[in-house]
Amino acid sequence: MKAHFSETQNKVINKIWIFGVVLFSISMILYFIDMFTPNTPFFKQLFRTLFWFFNSLIIAWYFYKNKKIQVGMILQALSIPCFFRNDISFLLDYHFTSILYKYIWYKSDYIYKLVQFITFMLPFLYFVKQYFKLENAHSSKKTNWFFAFLISLVLINVIDVEVDDIFQYFTFLNFSEPYIQDILVTIIEFINTFKILFIVIGFFYITNRFGEIKSLIKPIEEQFIDKSFFNWGFIISFSILFLTLLNLGQSIFTISVYSQEFNFSEISKLVSSYFLLFYSGRFLGNLIQFRGYSLKKYFGILNTLTLAPLINTIPFLVLLLSKKTGYTLQYFDNLKKNKNLHLTIYCLLITAFLVYDYFQKEVKETNDLIKIPICILAQFLVARFKISTKIVPFALVLFLYFEKIKAFFDFTEGYLFFFKDKILSFLWLSSFAIFLVYYVIYYVLHKCFYVAYSSSKNQEKLIVNIEKFN
């Protein structure tokens, strides 16, 4: 696993549990201050100061571990205005309103947005410059800053937590015993700590593939996957995938209910989550496929449990603990038979589930039964053709959500209404999440059944191609 990271990154990863303990401890102190201290200016300021230190430490820790103390301190110092931007905006608005109020275009909100942008960009650009300088990242001039900027933006967005949002979702819950809430918060903060650590490691991994667009889209090279890489790769990629999916659902709900205008910051966070979902899904799919190639074994339907929380410990342990077979010819001789058998079992299970779901519903519709041949056809296509992953998920969404999509493209109230209330809103952007979720599901299913070299009749060529996984 260490071979996939640079020396500077390994200094962070080797002792990352210390980083996790520090983050978890600070988050629990924040919870204690927020819930159990008086609502006074002192404790409010203490909370905000500690919250700034918590968030800025996430991106400064890398530099501290690599003995770039000055860089880390400057980065945290540059982050201070970002966490006190409300005070800065109020101060500027108070002093400049008397000068600018005479202009028709002026609004107090403009000052806040300008301060928000500047205070975010200063530490962000400094982090990008110093991180890629220390990593000695080499790429073409066209992709250098562009890639560094975008991938760093993903890191910052997916770990960012607004001060106003933290812990507030517990205020409307009534617990029979006070300690129940404390236990729940502790569990959530524990999971959130792991999410941050995994995203940091994922960020390191992605930046190491920096340079070519093909390397970015293809998260794993065709290579032998050993136990160590599979172990951590599976845990990290699934955790990021699952937690990002939960966070995405919460973000879309919050945006659709509370957002009154098109906010660039919220769009940026949403797009960053989309990228993380896309990349972690592709990584996980490739990982289980290449692990099967490396072991010279076909796991098929067992791998389909990969996306199911808790249940996925079964394929994880099987793929982790299985011994590599040296019989390459036997692997290919049984490949077609195994593939057809696993695919048949999967289709029977899908049929049984859809039939059961049909009879469970009070209102039965014909479309529910039509799903059976459609889903079977979709699975056969993704199991047989590589290009089908780019077509099948989107065609399936169009079929399953046709009425809602049709309603979305309703122009009866005019094109201006459509453009203003649908395109210039989060509706289209949040709706894209459905397509992306189906893409990830069927991409992983494709990797479960598809064998890249099974269609070739040249056995010698098959052996040569599979030798790269030895």
# chains A, B, ... in the order shown; residues from 1 in each chain; ligands from 1

$ residues_around --residues "stretch 390-402 of chain A" --least-positions-apart "6" --cutoff "7 Å" --atoms "only C-alpha atoms" --output "compact mmCIF listing (two decimals) with C-alpha atoms, in the first residue's frame"
# COMPACT_ATOMS: atom_id res chain seq x y z
CA ALA A 378 -29.85 -4.18 -18.47
CA PHE A 435 -28.27 9.38 -12.90
CA TYR A 438 -27.46 4.46 -11.12
CA TYR A 439 -24.19 4.83 -13.02
CA TYR A 442 -24.30 -0.51 -12.75

$ residues_around --residues "A:Arg291" --least-positions-apart "3" --cutoff "12 Å" --atoms "only C-alpha atoms" --output "PyMOL selection string"
chain A and resi 220-231+233-234+283-288+294-299+303+315-316+318-324+447-448+466+469-470

$ residues_around --residues "A:Arg384" --least-positions-apart "6" --cutoff "12 Å" --atoms "only C-alpha atoms" --output "list of chain:residue names"
A:Lys336, A:Lys339, A:Asn340, A:Leu343, A:Leu377, A:Ala378, A:Val392, A:Leu445, A:His446, A:Lys447, A:Cys448, A:Phe449, A:Tyr450, A:Val451, A:Ala452, A:Tyr453, A:Ser454, A:Ser455

$ residues_around --residues "stretch 112-126 of chain A" --least-positions-apart "2" --cutoff "6 Å" --atoms "only C-alpha atoms" --output "ChimeraX atom specification"
/A:75,78-79,81-82,89,109-110,128-129

$ residues_around --residues "A:Ser280" --least-positions-apart "2" --cutoff "10 Å" --atoms "only C-alpha atoms" --output "mmCIF file with all heavy atoms, in the first residue's frame"
data_model
loop_
_atom_site.group_PDB
_atom_site.id
_atom_site.type_symbol
_atom_site.label_atom_id
_atom_site.label_comp_id
_atom_site.auth_asym_id
_atom_site.auth_seq_id
_atom_site.Cartn_x
_atom_site.Cartn_y
_atom_site.Cartn_z
ATOM 1 N N GLY A 202 -7.559 9.556 0.270
ATOM 2 C CA GLY A 202 -8.046 9.543 -1.107
ATOM 3 C C GLY A 202 -7.497 10.717 -1.907
ATOM 4 O O GLY A 202 -7.159 10.570 -3.087
ATOM 5 N N PRO A 219 -8.946 4.864 -12.202
ATOM 6 C CA PRO A 219 -8.363 5.026 -10.866
ATOM 7 C C PRO A 219 -7.299 3.995 -10.484
ATOM 8 O O PRO A 219 -6.493 4.244 -9.605
ATOM 9 C CB PRO A 219 -9.575 4.906 -9.935
ATOM 10 C CG PRO A 219 -10.590 4.168 -10.715
ATOM 11 C CD PRO A 219 -10.362 4.500 -12.145
ATOM 12 N N GLY A 233 -7.850 -0.368 0.256
ATOM 13 C CA GLY A 233 -8.571 0.201 -0.885
ATOM 14 C C GLY A 233 -10.066 -0.028 -0.780
ATOM 15 O O GLY A 233 -10.867 0.872 -1.052
ATOM 16 N N PHE A 234 -10.476 -1.226 -0.362
ATOM 17 C CA PHE A 234 -11.885 -1.552 -0.213
ATOM 18 C C PHE A 234 -12.514 -0.742 0.908
ATOM 19 O O PHE A 234 -13.576 -0.125 0.731
ATOM 20 C CB PHE A 234 -12.048 -3.057 0.078
ATOM 21 C CG PHE A 234 -13.474 -3.529 0.052
ATOM 22 C CD1 PHE A 234 -13.982 -4.152 -1.078
ATOM 23 C CD2 PHE A 234 -14.314 -3.365 1.142
ATOM 24 C CE1 PHE A 234 -15.303 -4.596 -1.120
ATOM 25 C CE2 PHE A 234 -15.630 -3.805 1.123
ATOM 26 C CZ PHE A 234 -16.120 -4.418 -0.020
ATOM 27 N N ILE A 236 -11.528 2.047 2.415
ATOM 28 C CA ILE A 236 -11.540 3.501 2.198
ATOM 29 C C ILE A 236 -12.523 3.884 1.095
ATOM 30 O O ILE A 236 -13.333 4.801 1.264
ATOM 31 C CB ILE A 236 -10.122 4.004 1.863
ATOM 32 C CG1 ILE A 236 -9.213 3.869 3.092
ATOM 33 C CG2 ILE A 236 -10.163 5.456 1.397
ATOM 34 C CD1 ILE A 236 -7.757 4.176 2.819
ATOM 35 N N SER A 237 -12.487 3.185 -0.028
ATOM 36 C CA SER A 237 -13.348 3.563 -1.158
ATOM 37 C C SER A 237 -14.821 3.352 -0.829
ATOM 38 O O SER A 237 -15.663 4.201 -1.150
ATOM 39 C CB SER A 237 -12.964 2.777 -2.416
ATOM 40 O OG SER A 237 -13.100 1.381 -2.205
ATOM 41 N N PHE A 238 -15.172 2.236 -0.167
ATOM 42 C CA PHE A 238 -16.583 2.028 0.173
ATOM 43 C C PHE A 238 -17.050 3.033 1.218
ATOM 44 O O PHE A 238 -18.173 3.539 1.133
ATOM 45 C CB PHE A 238 -16.828 0.607 0.692
ATOM 46 C CG PHE A 238 -18.247 0.395 1.144
ATOM 47 C CD1 PHE A 238 -19.252 0.209 0.211
ATOM 48 C CD2 PHE A 238 -18.594 0.440 2.490
ATOM 49 C CE1 PHE A 238 -20.572 0.040 0.610
ATOM 50 C CE2 PHE A 238 -19.913 0.281 2.899
ATOM 51 C CZ PHE A 238 -20.904 0.079 1.949
ATOM 52 N N SER A 239 -16.205 3.308 2.210
ATOM 53 C CA SER A 239 -16.583 4.277 3.249
ATOM 54 C C SER A 239 -16.844 5.644 2.643
ATOM 55 O O SER A 239 -17.839 6.303 2.968
ATOM 56 C CB SER A 239 -15.484 4.376 4.308
ATOM 57 O OG SER A 239 -15.291 3.131 4.958
ATOM 58 N N ILE A 240 -15.962 6.081 1.755
ATOM 59 C CA ILE A 240 -16.145 7.376 1.089
ATOM 60 C C ILE A 240 -17.410 7.351 0.224
ATOM 61 O O ILE A 240 -18.199 8.302 0.234
ATOM 62 C CB ILE A 240 -14.914 7.731 0.236
ATOM 63 C CG1 ILE A 240 -13.706 8.007 1.139
ATOM 64 C CG2 ILE A 240 -15.195 8.944 -0.646
ATOM 65 C CD1 ILE A 240 -12.429 8.295 0.389
ATOM 66 N N LEU A 241 -17.603 6.259 -0.507
ATOM 67 C CA LEU A 241 -18.787 6.115 -1.358
ATOM 68 C C LEU A 241 -20.064 6.199 -0.538
ATOM 69 O O LEU A 241 -20.984 6.969 -0.862
ATOM 70 C CB LEU A 241 -18.714 4.778 -2.104
ATOM 71 C CG LEU A 241 -19.922 4.399 -2.968
ATOM 72 C CD1 LEU A 241 -20.027 5.334 -4.159
ATOM 73 C CD2 LEU A 241 -19.813 2.967 -3.443
ATOM 74 N N PHE A 242 -20.144 5.443 0.528
ATOM 75 C CA PHE A 242 -21.357 5.375 1.342
ATOM 76 C C PHE A 242 -21.622 6.696 2.067
ATOM 77 O O PHE A 242 -22.743 7.218 2.054
ATOM 78 C CB PHE A 242 -21.231 4.233 2.353
ATOM 79 C CG PHE A 242 -22.444 4.048 3.221
ATOM 80 C CD1 PHE A 242 -23.629 3.566 2.688
ATOM 81 C CD2 PHE A 242 -22.411 4.356 4.575
ATOM 82 C CE1 PHE A 242 -24.757 3.396 3.478
ATOM 83 C CE2 PHE A 242 -23.529 4.183 5.377
ATOM 84 C CZ PHE A 242 -24.706 3.707 4.819
ATOM 85 N N THR A 244 -20.436 9.677 1.348
ATOM 86 C CA THR A 244 -20.707 10.743 0.372
ATOM 87 C C THR A 244 -22.147 10.662 -0.108
ATOM 88 O O THR A 244 -22.805 11.685 -0.299
ATOM 89 C CB THR A 244 -19.750 10.636 -0.830
ATOM 90 O OG1 THR A 244 -18.403 10.724 -0.372
ATOM 91 C CG2 THR A 244 -20.014 11.753 -1.828
ATOM 92 N N PHE A 275 -18.250 14.301 -7.816
ATOM 93 C CA PHE A 275 -16.955 13.773 -8.257
ATOM 94 C C PHE A 275 -16.479 12.655 -7.330
ATOM 95 O O PHE A 275 -15.996 11.614 -7.779
ATOM 96 C CB PHE A 275 -15.909 14.888 -8.299
ATOM 97 C CG PHE A 275 -14.508 14.374 -8.538
ATOM 98 C CD1 PHE A 275 -14.079 14.045 -9.817
ATOM 99 C CD2 PHE A 275 -13.628 14.184 -7.479
ATOM 100 C CE1 PHE A 275 -12.806 13.550 -10.042
ATOM 101 C CE2 PHE A 275 -12.354 13.692 -7.691
ATOM 102 C CZ PHE A 275 -11.934 13.377 -8.977
ATOM 103 N N LEU A 276 -16.613 12.865 -6.036
ATOM 104 C CA LEU A 276 -16.157 11.883 -5.057
ATOM 105 C C LEU A 276 -16.954 10.585 -5.182
ATOM 106 O O LEU A 276 -16.393 9.485 -5.097
ATOM 107 C CB LEU A 276 -16.305 12.454 -3.646
ATOM 108 C CG LEU A 276 -15.335 11.925 -2.584
ATOM 109 C CD1 LEU A 276 -13.895 12.203 -2.989
ATOM 110 C CD2 LEU A 276 -15.630 12.558 -1.242
ATOM 111 N N LEU A 277 -18.259 10.704 -5.405
ATOM 112 C CA LEU A 277 -19.113 9.533 -5.590
ATOM 113 C C LEU A 277 -18.708 8.778 -6.858
ATOM 114 O O LEU A 277 -18.578 7.551 -6.851
ATOM 115 C CB LEU A 277 -20.577 9.972 -5.680
ATOM 116 C CG LEU A 277 -21.628 8.872 -5.708
ATOM 117 C CD1 LEU A 277 -21.671 8.113 -4.393
ATOM 118 C CD2 LEU A 277 -23.002 9.457 -6.015
ATOM 119 N N PHE A 278 -18.488 9.517 -7.924
ATOM 120 C CA PHE A 278 -18.083 8.940 -9.210
ATOM 121 C C PHE A 278 -16.741 8.222 -9.089
ATOM 122 O O PHE A 278 -16.595 7.065 -9.505
ATOM 123 C CB PHE A 278 -18.002 10.065 -10.255
ATOM 124 C CG PHE A 278 -17.381 9.668 -11.559
ATOM 125 C CD1 PHE A 278 -18.137 9.018 -12.528
ATOM 126 C CD2 PHE A 278 -16.056 9.945 -11.831
ATOM 127 C CE1 PHE A 278 -17.563 8.655 -13.744
ATOM 128 C CE2 PHE A 278 -15.477 9.587 -13.036
ATOM 129 C CZ PHE A 278 -16.236 8.935 -14.003
ATOM 130 N N ARG A 282 -15.966 4.071 -9.162
ATOM 131 C CA ARG A 282 -15.102 3.473 -10.188
ATOM 132 C C ARG A 282 -13.919 2.745 -9.552
ATOM 133 O O ARG A 282 -13.515 1.669 -10.011
ATOM 134 C CB ARG A 282 -14.614 4.547 -11.154
ATOM 135 C CG ARG A 282 -15.690 5.075 -12.090
ATOM 136 C CD ARG A 282 -15.123 6.108 -13.046
ATOM 137 N NE ARG A 282 -14.128 5.539 -13.936
ATOM 138 C CZ ARG A 282 -14.380 5.015 -15.125
ATOM 139 N NH1 ARG A 282 -15.630 4.971 -15.584
ATOM 140 N NH2 ARG A 282 -13.413 4.529 -15.899
ATOM 141 N N PHE A 283 -13.360 3.333 -8.506
ATOM 142 C CA PHE A 283 -12.230 2.699 -7.820
ATOM 143 C C PHE A 283 -12.653 1.348 -7.236
ATOM 144 O O PHE A 283 -11.961 0.339 -7.409
ATOM 145 C CB PHE A 283 -11.724 3.618 -6.701
ATOM 146 C CG PHE A 283 -10.500 3.101 -5.994
ATOM 147 C CD1 PHE A 283 -9.236 3.526 -6.368
ATOM 148 C CD2 PHE A 283 -10.605 2.180 -4.961
ATOM 149 C CE1 PHE A 283 -8.098 3.049 -5.730
ATOM 150 C CE2 PHE A 283 -9.488 1.687 -4.314
ATOM 151 C CZ PHE A 283 -8.227 2.127 -4.693
ATOM 152 N N LEU A 284 -13.793 1.331 -6.559
ATOM 153 C CA LEU A 284 -14.277 0.103 -5.929
ATOM 154 C C LEU A 284 -14.569 -0.967 -6.975
ATOM 155 O O LEU A 284 -14.244 -2.151 -6.782
ATOM 156 C CB LEU A 284 -15.534 0.402 -5.102
ATOM 157 C CG LEU A 284 -16.103 -0.742 -4.260
ATOM 158 C CD1 LEU A 284 -15.089 -1.206 -3.225
ATOM 159 C CD2 LEU A 284 -17.390 -0.307 -3.574
ATOM 160 N N GLY A 285 -15.188 -0.576 -8.082
ATOM 161 C CA GLY A 285 -15.492 -1.528 -9.136
ATOM 162 C C GLY A 285 -14.236 -2.150 -9.730
ATOM 163 O O GLY A 285 -14.154 -3.369 -9.918
ATOM 164 N N ASN A 286 -13.259 -1.311 -10.041
ATOM 165 C CA ASN A 286 -12.001 -1.810 -10.593
ATOM 166 C C ASN A 286 -11.250 -2.674 -9.593
ATOM 167 O O ASN A 286 -10.602 -3.655 -9.962
ATOM 168 C CB ASN A 286 -11.111 -0.638 -11.025
ATOM 169 C CG ASN A 286 -11.511 -0.088 -12.374
ATOM 170 O OD1 ASN A 286 -11.151 -0.624 -13.417
ATOM 171 N ND2 ASN A 286 -12.287 0.980 -12.360
ATOM 172 N N VAL A 440 -23.072 4.487 -10.887
ATOM 173 C CA VAL A 440 -22.151 3.819 -9.960
ATOM 174 C C VAL A 440 -22.603 2.387 -9.698
ATOM 175 O O VAL A 440 -21.789 1.446 -9.710
ATOM 176 C CB VAL A 440 -22.061 4.605 -8.627
ATOM 177 C CG1 VAL A 440 -21.339 3.784 -7.560
ATOM 178 C CG2 VAL A 440 -21.334 5.924 -8.840
#

$ select_by_dssp --residues "stretch 334-402 of chain A" --states "alpha helix (DSSP H)" --output "VMD selection string"
chain A and resid 335 to 360 366 to 384 392 to 400 402

$ residues_around --residues "A:Val71" --least-positions-apart "2" --cutoff "10 Å" --atoms "only C-alpha atoms" --output "ChimeraX atom specification"
/A:60,62-64,67-69,73-77,126-127,130-131

$ closest_residue --among "A:Phe198, A:Phe149, A:Phe24, A:Phe332" --to "A:Phe54" --atoms "only C-alpha atoms"
A:Phe24

$ closest_residue --among "A:Ser431, A:Asn367, A:Ser56, A:Asn136" --to "A:Leu270" --atoms "only C-alpha atoms"
A:Ser431

$ atom_distance --atom1 "atom CA of A:Asn338" --atom2 "atom CA of A:Tyr443"
20.0 Å
